[in-house]
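This is protein_16.txt (compact mmCIF, C-alpha atoms and all ligand atoms).
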```txt
# COMPACT_ATOMS: atom_id res chain seq x y z
CA MET A 129 0.00 0.00 0.00
CA THR A 130 1.19 3.51 -0.79
CA ASP A 131 2.49 5.74 1.99
CA PRO A 132 -0.16 8.48 2.31
CA ALA A 133 2.53 11.06 3.02
CA THR A 134 4.00 10.63 -0.46
CA VAL A 135 0.83 10.82 -2.51
CA ASP A 136 -1.25 13.72 -3.65
CA HIS A 137 -4.50 14.04 -1.75
CA LEU A 138 -5.96 11.83 0.95
CA VAL A 139 -9.74 11.62 0.61
CA LEU A 140 -12.12 10.08 3.13
CA VAL A 141 -15.40 8.69 1.84
CA GLY A 142 -18.20 6.81 3.58
CA MET A 143 -21.61 7.04 5.09
CA THR A 144 -22.86 10.09 6.88
CA GLY A 145 -21.89 9.76 10.55
CA ALA A 146 -18.87 7.53 9.92
CA GLY A 147 -16.56 10.16 11.43
CA LYS A 148 -14.93 11.44 8.22
CA SER A 149 -14.61 15.04 9.46
CA THR A 150 -13.34 14.15 12.94
CA VAL A 151 -10.85 11.61 11.64
CA GLY A 152 -9.84 13.76 8.68
CA ARG A 153 -8.99 16.73 10.87
CA ILE A 154 -6.68 14.62 13.05
CA VAL A 155 -5.10 12.84 10.08
CA ALA A 156 -4.38 16.21 8.47
CA GLU A 157 -2.71 17.45 11.65
CA ARG A 158 -0.59 14.33 11.82
CA LEU A 159 0.49 14.71 8.20
CA GLY A 160 0.99 18.47 8.49
CA ARG A 161 -1.53 19.09 5.73
CA ARG A 162 -4.44 21.40 5.26
CA PHE A 163 -7.79 19.83 6.09
CA VAL A 164 -10.84 20.45 3.91
CA ASP A 165 -14.33 19.52 5.04
CA LEU A 166 -16.22 19.41 1.76
CA ASP A 167 -19.58 20.42 3.26
CA ALA A 168 -17.95 23.43 4.95
CA ALA A 169 -16.21 24.33 1.67
CA ILE A 170 -19.55 24.15 -0.16
CA GLU A 171 -21.16 26.39 2.46
CA ALA A 172 -18.31 28.90 2.24
CA ARG A 173 -18.52 28.98 -1.53
CA ALA A 174 -22.31 29.31 -1.66
CA GLY A 175 -22.55 31.61 1.34
CA ARG A 176 -25.42 29.40 2.52
CA THR A 177 -25.90 26.34 4.66
CA VAL A 178 -26.20 22.83 3.25
CA ARG A 179 -29.68 22.70 4.74
CA ASP A 180 -30.71 25.89 2.98
CA ILE A 181 -29.34 24.71 -0.37
CA PHE A 182 -31.30 21.44 -0.09
CA ALA A 183 -34.47 23.22 1.03
CA VAL A 184 -34.47 26.01 -1.53
CA ASP A 185 -32.68 24.60 -4.58
CA GLY A 186 -33.04 20.85 -4.06
CA GLU A 187 -30.63 17.95 -3.89
CA SER A 188 -29.57 18.09 -7.52
CA ALA A 189 -28.37 21.70 -7.15
CA PHE A 190 -26.48 20.66 -4.02
CA ARG A 191 -24.83 17.81 -5.96
CA ASP A 192 -23.76 20.28 -8.67
CA LEU A 193 -22.11 22.48 -6.06
CA GLU A 194 -20.58 19.45 -4.37
CA ALA A 195 -19.05 18.28 -7.67
CA SER A 196 -17.57 21.65 -8.61
CA THR A 197 -16.23 22.23 -5.08
CA LEU A 198 -14.66 18.76 -4.95
CA ALA A 199 -12.98 19.31 -8.32
CA ASP A 200 -11.53 22.63 -7.12
CA VAL A 201 -10.37 21.24 -3.79
CA LEU A 202 -8.58 18.36 -5.52
CA ASP A 203 -6.98 20.85 -7.86
CA ALA A 204 -4.94 22.30 -4.97
CA ALA A 205 -1.21 22.33 -5.61
CA GLU A 206 -0.30 21.07 -2.15
CA PRO A 207 -1.54 17.71 -0.85
CA VAL A 208 -4.60 18.08 1.37
CA VAL A 209 -6.82 15.81 3.43
CA VAL A 210 -10.48 15.95 2.37
CA ALA A 211 -13.55 14.70 4.24
CA THR A 212 -16.30 14.32 1.65
CA GLY A 213 -20.04 14.25 2.33
CA GLY A 214 -21.65 10.81 2.28
CA GLY A 215 -23.25 11.39 -1.11
CA ALA A 216 -20.16 12.64 -2.92
CA VAL A 217 -19.70 9.27 -4.63
CA LEU A 218 -23.09 9.48 -6.35
CA ARG A 219 -21.93 11.55 -9.32
CA PRO A 220 -19.85 9.65 -11.88
CA GLU A 221 -17.61 12.67 -12.45
CA ASN A 222 -16.72 12.68 -8.76
CA ARG A 223 -15.91 8.98 -8.84
CA ALA A 224 -13.73 9.59 -11.88
CA ILE A 225 -11.60 12.26 -10.17
CA LEU A 226 -11.42 10.17 -6.99
CA SER A 227 -10.18 7.19 -8.98
CA SER A 228 -7.17 9.05 -10.32
CA PRO A 229 -4.07 7.06 -9.27
CA ASP A 230 -2.31 9.93 -7.52
CA ARG A 231 -4.83 10.17 -4.74
CA ARG A 232 -5.51 7.85 -1.88
CA VAL A 233 -9.16 7.28 -1.10
CA VAL A 234 -10.02 5.65 2.21
CA TRP A 235 -13.51 4.32 2.88
CA LEU A 236 -14.50 4.66 6.53
CA MET A 237 -16.84 1.73 6.47
CA ALA A 238 -19.86 1.65 8.71
CA ASP A 239 -23.20 0.11 7.85
CA PRO A 240 -26.54 1.64 8.88
CA ASP A 241 -26.65 -0.21 12.23
CA VAL A 242 -23.37 1.34 13.30
CA VAL A 243 -24.12 4.76 11.87
CA LEU A 244 -27.62 5.02 13.34
CA GLU A 245 -26.24 4.99 16.88
CA ARG A 246 -23.77 7.77 16.13
CA VAL A 247 -25.42 10.11 13.70
CA ARG A 248 -27.46 13.17 14.56
CA ALA A 249 -29.79 14.66 11.96
CA GLY A 250 -28.21 18.07 12.56
CA MET A 251 -27.95 21.15 10.48
CA HIS A 252 -26.10 19.77 7.50
CA ARG A 253 -28.03 16.49 7.26
CA PRO A 254 -31.49 17.27 5.91
CA LEU A 255 -31.75 13.81 4.33
CA LEU A 256 -32.02 12.31 7.83
CA ASP A 257 -34.84 14.55 9.01
CA ASP A 258 -37.78 12.22 8.58
CA ASP A 259 -36.95 8.56 9.05
CA PRO A 260 -33.19 8.24 9.64
CA ARG A 261 -33.25 4.44 9.66
CA ALA A 262 -34.99 4.21 6.28
CA ALA A 263 -32.80 6.96 4.82
CA LEU A 264 -29.60 5.24 5.98
CA ASP A 265 -30.78 1.88 4.60
CA ARG A 266 -31.53 3.49 1.25
CA MET A 267 -28.17 5.26 1.19
CA TRP A 268 -26.33 2.05 2.05
CA ALA A 269 -28.11 0.07 -0.68
CA GLU A 270 -27.30 2.74 -3.24
CA ARG A 271 -23.80 3.70 -2.16
CA ALA A 272 -21.88 0.78 -0.65
CA SER A 273 -20.73 -0.43 -4.07
CA LEU A 274 -19.79 3.14 -5.06
CA TYR A 275 -17.58 3.58 -1.98
CA GLN A 276 -16.01 0.24 -2.83
CA GLU A 277 -15.43 1.35 -6.42
CA VAL A 278 -13.37 4.43 -5.47
CA ALA A 279 -11.62 3.09 -2.36
CA ASP A 280 -7.91 2.28 -2.27
CA ALA A 281 -8.29 1.14 1.33
CA ILE A 282 -11.16 0.24 3.63
CA VAL A 283 -11.14 0.98 7.35
CA MET A 284 -13.89 -0.60 9.42
CA ILE A 285 -14.95 1.74 12.18
CA GLU A 286 -17.15 -0.57 14.25
CA GLY A 287 -15.65 -1.17 17.70
CA ARG A 288 -12.73 1.17 17.06
CA SER A 289 -11.92 4.41 18.82
CA ILE A 290 -11.25 7.56 16.80
CA ALA A 291 -7.53 7.21 17.59
CA GLU A 292 -7.55 3.65 16.25
CA VAL A 293 -9.35 4.72 13.08
CA VAL A 294 -6.80 7.51 12.60
CA GLU A 295 -3.93 5.01 12.90
CA ALA A 296 -5.61 2.68 10.43
CA VAL A 297 -6.05 5.51 7.92
CA LEU A 298 -2.40 6.49 8.25
CA ARG A 299 -1.18 2.91 7.84
C1 LIG B 301 -25.12 13.83 2.66
C2 LIG B 301 -24.22 13.84 3.71
C3 LIG B 301 -23.83 15.09 4.40
C4 LIG B 301 -24.03 16.30 3.50
C5 LIG B 301 -25.40 16.32 2.91
C6 LIG B 301 -25.70 15.07 2.09
C7 LIG B 301 -25.48 12.53 2.04
O1 LIG B 301 -22.47 15.00 4.81
O2 LIG B 301 -23.07 16.32 2.47
O3 LIG B 301 -26.35 16.44 3.95
O4 LIG B 301 -26.08 12.52 0.95
O5 LIG B 301 -25.14 11.48 2.65
P1 LIG B 301 -21.93 13.97 5.97
O6 LIG B 301 -21.51 12.71 5.30
O7 LIG B 301 -20.79 14.70 6.56
O8 LIG B 301 -23.06 13.78 6.94
```

Final structure tokens representation of the file:
Amino acid sequence: MTDPATVDHLVLVGMTGAGKSTVGRIVAERLGRRFVDLDAAIEARAGRTVRDIFAVDGESAFRDLEASTLADVLDAAEPVVVATGGGAVLRPENRAILSSPDRRVVWLMADPDVVLERVRAGMHRPLLDDDPRAALDRMWAERASLYQEVADAIVMIEGRSIAEVVEAVLR
């Protein structure tokens, strides 16, 4: 496996609530890299919250913004650590740029049972507002194979502390 310190960008993918932002921030510190939370980058670019974009413009408009922001973030000259949103793998163009050989994509793997205990609907998760269990099941059915498709490495998060997940990502 490639040493993450020698490759371009390190990108975390996986279900909402898998800990991508928390783990990504620590991994970035450890590697001395800039950390980018894709949802936060989208909000900064749009000057609006994720929730507001979903509510006013709809999911498809959010996915457009997500795709253009991801492309720009991965265009950075210096290697960064990126925590993507759980749905970032849905667009084929995103999967194509994630599959480029000079970036390391790590799937923080957690199925709906694991995620349900950890996730809060929260401000940036409008898709979990109504029936989180059903939404997570739907997401898992649609996305597990897409995470698999782009992943260079898979880190199971069940039963692991954040520190252990961080070590596994850095390995
Ligand atoms: C989404 C996950 C969210 C956010 C948006 C859509 C999804 O990010 O991008 O609400 O489709 O799974 P997290 O994975 O950080 O929750």

Which residue out of A:Glu245, A:Pro207, A:Leu255, A:Arg161 has the minimum interatomic distance to ligand LIG 301 (chain B) when all atoms listed in the file are used?
A:Leu255

Can I get the residues of chain A within 9 Å of ligand LIG 301 (chain B), each with the closest pair of atoms and their distance in Å to one decimal, using only C-alpha atoms and all ligand atoms, sorted chain first then ascending number, as CSV?
```
residue,atom,partner,partner_atom,distance
A:Val141,CA,B:LIG301,O6,8.1
A:Gly142,CA,B:LIG301,O6,7.0
A:Met143,CA,B:LIG301,O6,5.7
A:Thr144,CA,B:LIG301,O6,3.3
A:Gly145,CA,B:LIG301,O8,5.5
A:Ala146,CA,B:LIG301,O6,7.4
A:Gly147,CA,B:LIG301,O7,7.9
A:Lys148,CA,B:LIG301,O7,6.9
A:Ser149,CA,B:LIG301,O7,6.8
A:Asp165,CA,B:LIG301,O7,8.2
A:Leu166,CA,B:LIG301,O2,7.5
A:Asp167,CA,B:LIG301,O2,5.4
A:Ile170,CA,B:LIG301,O2,9.0
A:Val178,CA,B:LIG301,O3,6.4
A:Arg179,CA,B:LIG301,O3,7.1
A:Phe182,CA,B:LIG301,O3,8.1
A:Glu187,CA,B:LIG301,C6,8.3
A:Phe190,CA,B:LIG301,C5,8.2
A:Arg191,CA,B:LIG301,C6,8.5
A:Glu194,CA,B:LIG301,O2,7.9
A:Ala211,CA,B:LIG301,O7,7.6
A:Thr212,CA,B:LIG301,O6,6.6
A:Gly213,CA,B:LIG301,O1,3.6
A:Gly214,CA,B:LIG301,O6,3.6
A:Gly215,CA,B:LIG301,O4,3.7
A:Ala216,CA,B:LIG301,O4,7.1
A:Leu218,CA,B:LIG301,O4,8.5
A:Val247,CA,B:LIG301,O8,8.0
A:Arg248,CA,B:LIG301,O8,8.8
A:Ala249,CA,B:LIG301,O8,8.4
A:Gly250,CA,B:LIG301,O8,8.7
A:Met251,CA,B:LIG301,O3,8.2
A:His252,CA,B:LIG301,O3,4.9
A:Arg253,CA,B:LIG301,O3,3.7
A:Pro254,CA,B:LIG301,O3,5.6
A:Leu255,CA,B:LIG301,O3,6.0
A:Leu256,CA,B:LIG301,O3,8.0
A:Leu264,CA,B:LIG301,O5,8.4
A:Met267,CA,B:LIG301,O5,7.1
```

Using only C-alpha atoms, find the one residue out of A:Arg246, A:Arg231, A:Arg299, A:Arg288 that sits nearest to Val208 of chain A.
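Counting only C-alpha atoms, the residue closest to Val208 of chain A is A:Arg231.
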
With distances taken over all atoms listed in the file, which of A:Leu159, A:Val209, A:Val278, A:Val243 is nearest to Ile225 of chain A?
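Among the listed residues, A:Val278 lies closest to Ile225 of chain A.
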
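Across the model, the gap from atom CA of Asp230 of chain A to atom CA of Ala204 of chain A is 12.9 Å.
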
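Each of A:Ile282, A:Ala262, A:Val201, A:Leu138 was compared to Ala168 of chain A using all atoms listed in the file, and A:Val201 turns out to be the nearest.
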
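Here the question is which of A:Ile181, A:Glu206, A:Arg261, A:Ala174 gets nearest to Gly160 of chain A using all atoms listed in the file, and that residue is A:Glu206.
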
Please, what distance in Å, to one decimal, runs between atom CA of Val151 of chain A and atom CA of Asp280 of chain A?
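Value for the atom CA of Val151 of chain A-atom CA of Asp280 of chain A distance: 17.0 Å.
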
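The shortest atom-to-atom distance to Ala269 of chain A, with all atoms listed in the file taken into account, belongs to A:Pro240 out of A:Ala205, A:Ile154, A:Pro240, A:Arg176.
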
When you draw a straight line from atom CA of Val217 of chain A to atom CA of Ala189 of chain A, how long is it in Å?
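Those two atoms sit 15.4 Å apart.
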
Output file request: segment 184-198 of chain A, with all heavy atoms, as a PDB file, in the first residue's frame.
```pdb
ATOM      1  N   VAL A 184     -34.056  25.011  -0.543  1.00  0.00           N
ATOM      2  CA  VAL A 184     -34.471  26.011  -1.530  1.00  0.00           C
ATOM      3  C   VAL A 184     -34.231  25.529  -2.962  1.00  0.00           C
ATOM      4  O   VAL A 184     -35.095  25.661  -3.827  1.00  0.00           O
ATOM      5  CB  VAL A 184     -33.728  27.352  -1.279  1.00  0.00           C
ATOM      6  CG1 VAL A 184     -34.083  28.368  -2.353  1.00  0.00           C
ATOM      7  CG2 VAL A 184     -34.059  27.888   0.112  1.00  0.00           C
ATOM      8  N   ASP A 185     -33.065  24.956  -3.202  1.00  0.00           N
ATOM      9  CA  ASP A 185     -32.680  24.601  -4.583  1.00  0.00           C
ATOM     10  C   ASP A 185     -32.829  23.118  -4.896  1.00  0.00           C
ATOM     11  O   ASP A 185     -32.815  22.732  -6.067  1.00  0.00           O
ATOM     12  CB  ASP A 185     -31.217  25.002  -4.838  1.00  0.00           C
ATOM     13  CG  ASP A 185     -30.996  26.486  -4.615  1.00  0.00           C
ATOM     14  OD1 ASP A 185     -31.983  27.230  -4.633  1.00  0.00           O
ATOM     15  OD2 ASP A 185     -29.843  26.878  -4.402  1.00  0.00           O
ATOM     16  N   GLY A 186     -32.877  22.290  -3.856  1.00  0.00           N
ATOM     17  CA  GLY A 186     -33.041  20.855  -4.064  1.00  0.00           C
ATOM     18  C   GLY A 186     -31.714  20.110  -4.094  1.00  0.00           C
ATOM     19  O   GLY A 186     -30.638  20.700  -4.196  1.00  0.00           O
ATOM     20  N   GLU A 187     -31.835  18.778  -4.003  1.00  0.00           N
ATOM     21  CA  GLU A 187     -30.631  17.946  -3.892  1.00  0.00           C
ATOM     22  C   GLU A 187     -29.748  18.036  -5.130  1.00  0.00           C
ATOM     23  O   GLU A 187     -28.518  18.060  -5.033  1.00  0.00           O
ATOM     24  CB  GLU A 187     -31.020  16.484  -3.630  1.00  0.00           C
ATOM     25  CG  GLU A 187     -29.789  15.580  -3.571  1.00  0.00           C
ATOM     26  CD  GLU A 187     -30.029  14.197  -2.997  1.00  0.00           C
ATOM     27  OE1 GLU A 187     -31.141  13.945  -2.462  1.00  0.00           O
ATOM     28  OE2 GLU A 187     -29.100  13.378  -3.081  1.00  0.00           O
ATOM     29  N   SER A 188     -30.367  18.108  -6.302  1.00  0.00           N
ATOM     30  CA  SER A 188     -29.574  18.094  -7.522  1.00  0.00           C
ATOM     31  C   SER A 188     -28.668  19.334  -7.597  1.00  0.00           C
ATOM     32  O   SER A 188     -27.489  19.240  -7.998  1.00  0.00           O
ATOM     33  CB  SER A 188     -30.525  17.999  -8.710  1.00  0.00           C
ATOM     34  OG  SER A 188     -29.842  18.215  -9.883  1.00  0.00           O
ATOM     35  N   ALA A 189     -29.191  20.480  -7.170  1.00  0.00           N
ATOM     36  CA  ALA A 189     -28.375  21.703  -7.146  1.00  0.00           C
ATOM     37  C   ALA A 189     -27.242  21.555  -6.135  1.00  0.00           C
ATOM     38  O   ALA A 189     -26.107  21.988  -6.376  1.00  0.00           O
ATOM     39  CB  ALA A 189     -29.244  22.913  -6.793  1.00  0.00           C
ATOM     40  N   PHE A 190     -27.545  20.914  -4.998  1.00  0.00           N
ATOM     41  CA  PHE A 190     -26.485  20.662  -4.016  1.00  0.00           C
ATOM     42  C   PHE A 190     -25.404  19.773  -4.624  1.00  0.00           C
ATOM     43  O   PHE A 190     -24.204  20.026  -4.452  1.00  0.00           O
ATOM     44  CB  PHE A 190     -27.058  20.015  -2.747  1.00  0.00           C
ATOM     45  CG  PHE A 190     -25.975  19.576  -1.781  1.00  0.00           C
ATOM     46  CD1 PHE A 190     -25.355  20.506  -0.947  1.00  0.00           C
ATOM     47  CD2 PHE A 190     -25.552  18.259  -1.739  1.00  0.00           C
ATOM     48  CE1 PHE A 190     -24.333  20.109  -0.084  1.00  0.00           C
ATOM     49  CE2 PHE A 190     -24.530  17.855  -0.883  1.00  0.00           C
ATOM     50  CZ  PHE A 190     -23.921  18.790  -0.044  1.00  0.00           C
ATOM     51  N   ARG A 191     -25.820  18.736  -5.360  1.00  0.00           N
ATOM     52  CA  ARG A 191     -24.831  17.813  -5.960  1.00  0.00           C
ATOM     53  C   ARG A 191     -23.970  18.530  -7.005  1.00  0.00           C
ATOM     54  O   ARG A 191     -22.797  18.207  -7.161  1.00  0.00           O
ATOM     55  CB  ARG A 191     -25.539  16.606  -6.589  1.00  0.00           C
ATOM     56  CG  ARG A 191     -26.334  15.734  -5.628  1.00  0.00           C
ATOM     57  CD  ARG A 191     -25.472  15.048  -4.588  1.00  0.00           C
ATOM     58  NE  ARG A 191     -26.290  14.380  -3.571  1.00  0.00           N
ATOM     59  CZ  ARG A 191     -25.881  14.140  -2.332  1.00  0.00           C
ATOM     60  NH1 ARG A 191     -24.669  14.485  -1.932  1.00  0.00           N
ATOM     61  NH2 ARG A 191     -26.668  13.548  -1.469  1.00  0.00           N
ATOM     62  N   ASP A 192     -24.553  19.488  -7.718  1.00  0.00           N
ATOM     63  CA  ASP A 192     -23.759  20.283  -8.671  1.00  0.00           C
ATOM     64  C   ASP A 192     -22.657  21.049  -7.935  1.00  0.00           C
ATOM     65  O   ASP A 192     -21.492  21.042  -8.337  1.00  0.00           O
ATOM     66  CB  ASP A 192     -24.641  21.311  -9.400  1.00  0.00           C
ATOM     67  CG  ASP A 192     -25.583  20.662 -10.409  1.00  0.00           C
ATOM     68  OD1 ASP A 192     -25.343  19.499 -10.788  1.00  0.00           O
ATOM     69  OD2 ASP A 192     -26.554  21.332 -10.810  1.00  0.00           O
ATOM     70  N   LEU A 193     -23.079  21.708  -6.848  1.00  0.00           N
ATOM     71  CA  LEU A 193     -22.108  22.479  -6.059  1.00  0.00           C
ATOM     72  C   LEU A 193     -21.052  21.574  -5.445  1.00  0.00           C
ATOM     73  O   LEU A 193     -19.862  21.921  -5.390  1.00  0.00           O
ATOM     74  CB  LEU A 193     -22.850  23.171  -4.908  1.00  0.00           C
ATOM     75  CG  LEU A 193     -23.290  24.598  -5.092  1.00  0.00           C
ATOM     76  CD1 LEU A 193     -24.170  25.006  -3.912  1.00  0.00           C
ATOM     77  CD2 LEU A 193     -22.066  25.515  -5.161  1.00  0.00           C
ATOM     78  N   GLU A 194     -21.500  20.412  -4.994  1.00  0.00           N
ATOM     79  CA  GLU A 194     -20.580  19.451  -4.370  1.00  0.00           C
ATOM     80  C   GLU A 194     -19.527  19.015  -5.388  1.00  0.00           C
ATOM     81  O   GLU A 194     -18.327  18.958  -5.087  1.00  0.00           O
ATOM     82  CB  GLU A 194     -21.403  18.252  -3.872  1.00  0.00           C
ATOM     83  CG  GLU A 194     -20.619  17.215  -3.104  1.00  0.00           C
ATOM     84  CD  GLU A 194     -21.541  16.099  -2.583  1.00  0.00           C
ATOM     85  OE1 GLU A 194     -22.325  15.540  -3.373  1.00  0.00           O
ATOM     86  OE2 GLU A 194     -21.464  15.784  -1.388  1.00  0.00           O
ATOM     87  N   ALA A 195     -19.979  18.752  -6.627  1.00  0.00           N
ATOM     88  CA  ALA A 195     -19.054  18.280  -7.668  1.00  0.00           C
ATOM     89  C   ALA A 195     -18.046  19.368  -8.036  1.00  0.00           C
ATOM     90  O   ALA A 195     -16.836  19.101  -8.139  1.00  0.00           O
ATOM     91  CB  ALA A 195     -19.845  17.843  -8.897  1.00  0.00           C
ATOM     92  N   SER A 196     -18.514  20.600  -8.198  1.00  0.00           N
ATOM     93  CA  SER A 196     -17.571  21.649  -8.607  1.00  0.00           C
ATOM     94  C   SER A 196     -16.609  21.981  -7.465  1.00  0.00           C
ATOM     95  O   SER A 196     -15.419  22.243  -7.692  1.00  0.00           O
ATOM     96  CB  SER A 196     -18.306  22.895  -9.102  1.00  0.00           C
ATOM     97  OG  SER A 196     -19.163  23.388  -8.111  1.00  0.00           O
ATOM     98  N   THR A 197     -17.110  21.933  -6.228  1.00  0.00           N
ATOM     99  CA  THR A 197     -16.232  22.228  -5.084  1.00  0.00           C
ATOM    100  C   THR A 197     -15.186  21.126  -4.919  1.00  0.00           C
ATOM    101  O   THR A 197     -14.004  21.398  -4.696  1.00  0.00           O
ATOM    102  CB  THR A 197     -17.061  22.387  -3.791  1.00  0.00           C
ATOM    103  OG1 THR A 197     -18.103  23.336  -4.016  1.00  0.00           O
ATOM    104  CG2 THR A 197     -16.201  22.862  -2.631  1.00  0.00           C
ATOM    105  N   LEU A 198     -15.613  19.868  -5.070  1.00  0.00           N
ATOM    106  CA  LEU A 198     -14.659  18.758  -4.952  1.00  0.00           C
ATOM    107  C   LEU A 198     -13.566  18.881  -6.014  1.00  0.00           C
ATOM    108  O   LEU A 198     -12.378  18.711  -5.722  1.00  0.00           O
ATOM    109  CB  LEU A 198     -15.392  17.415  -5.089  1.00  0.00           C
ATOM    110  CG  LEU A 198     -14.494  16.176  -5.008  1.00  0.00           C
ATOM    111  CD1 LEU A 198     -13.853  16.041  -3.624  1.00  0.00           C
ATOM    112  CD2 LEU A 198     -15.287  14.901  -5.337  1.00  0.00           C
TER     113      LEU A 198
END
```
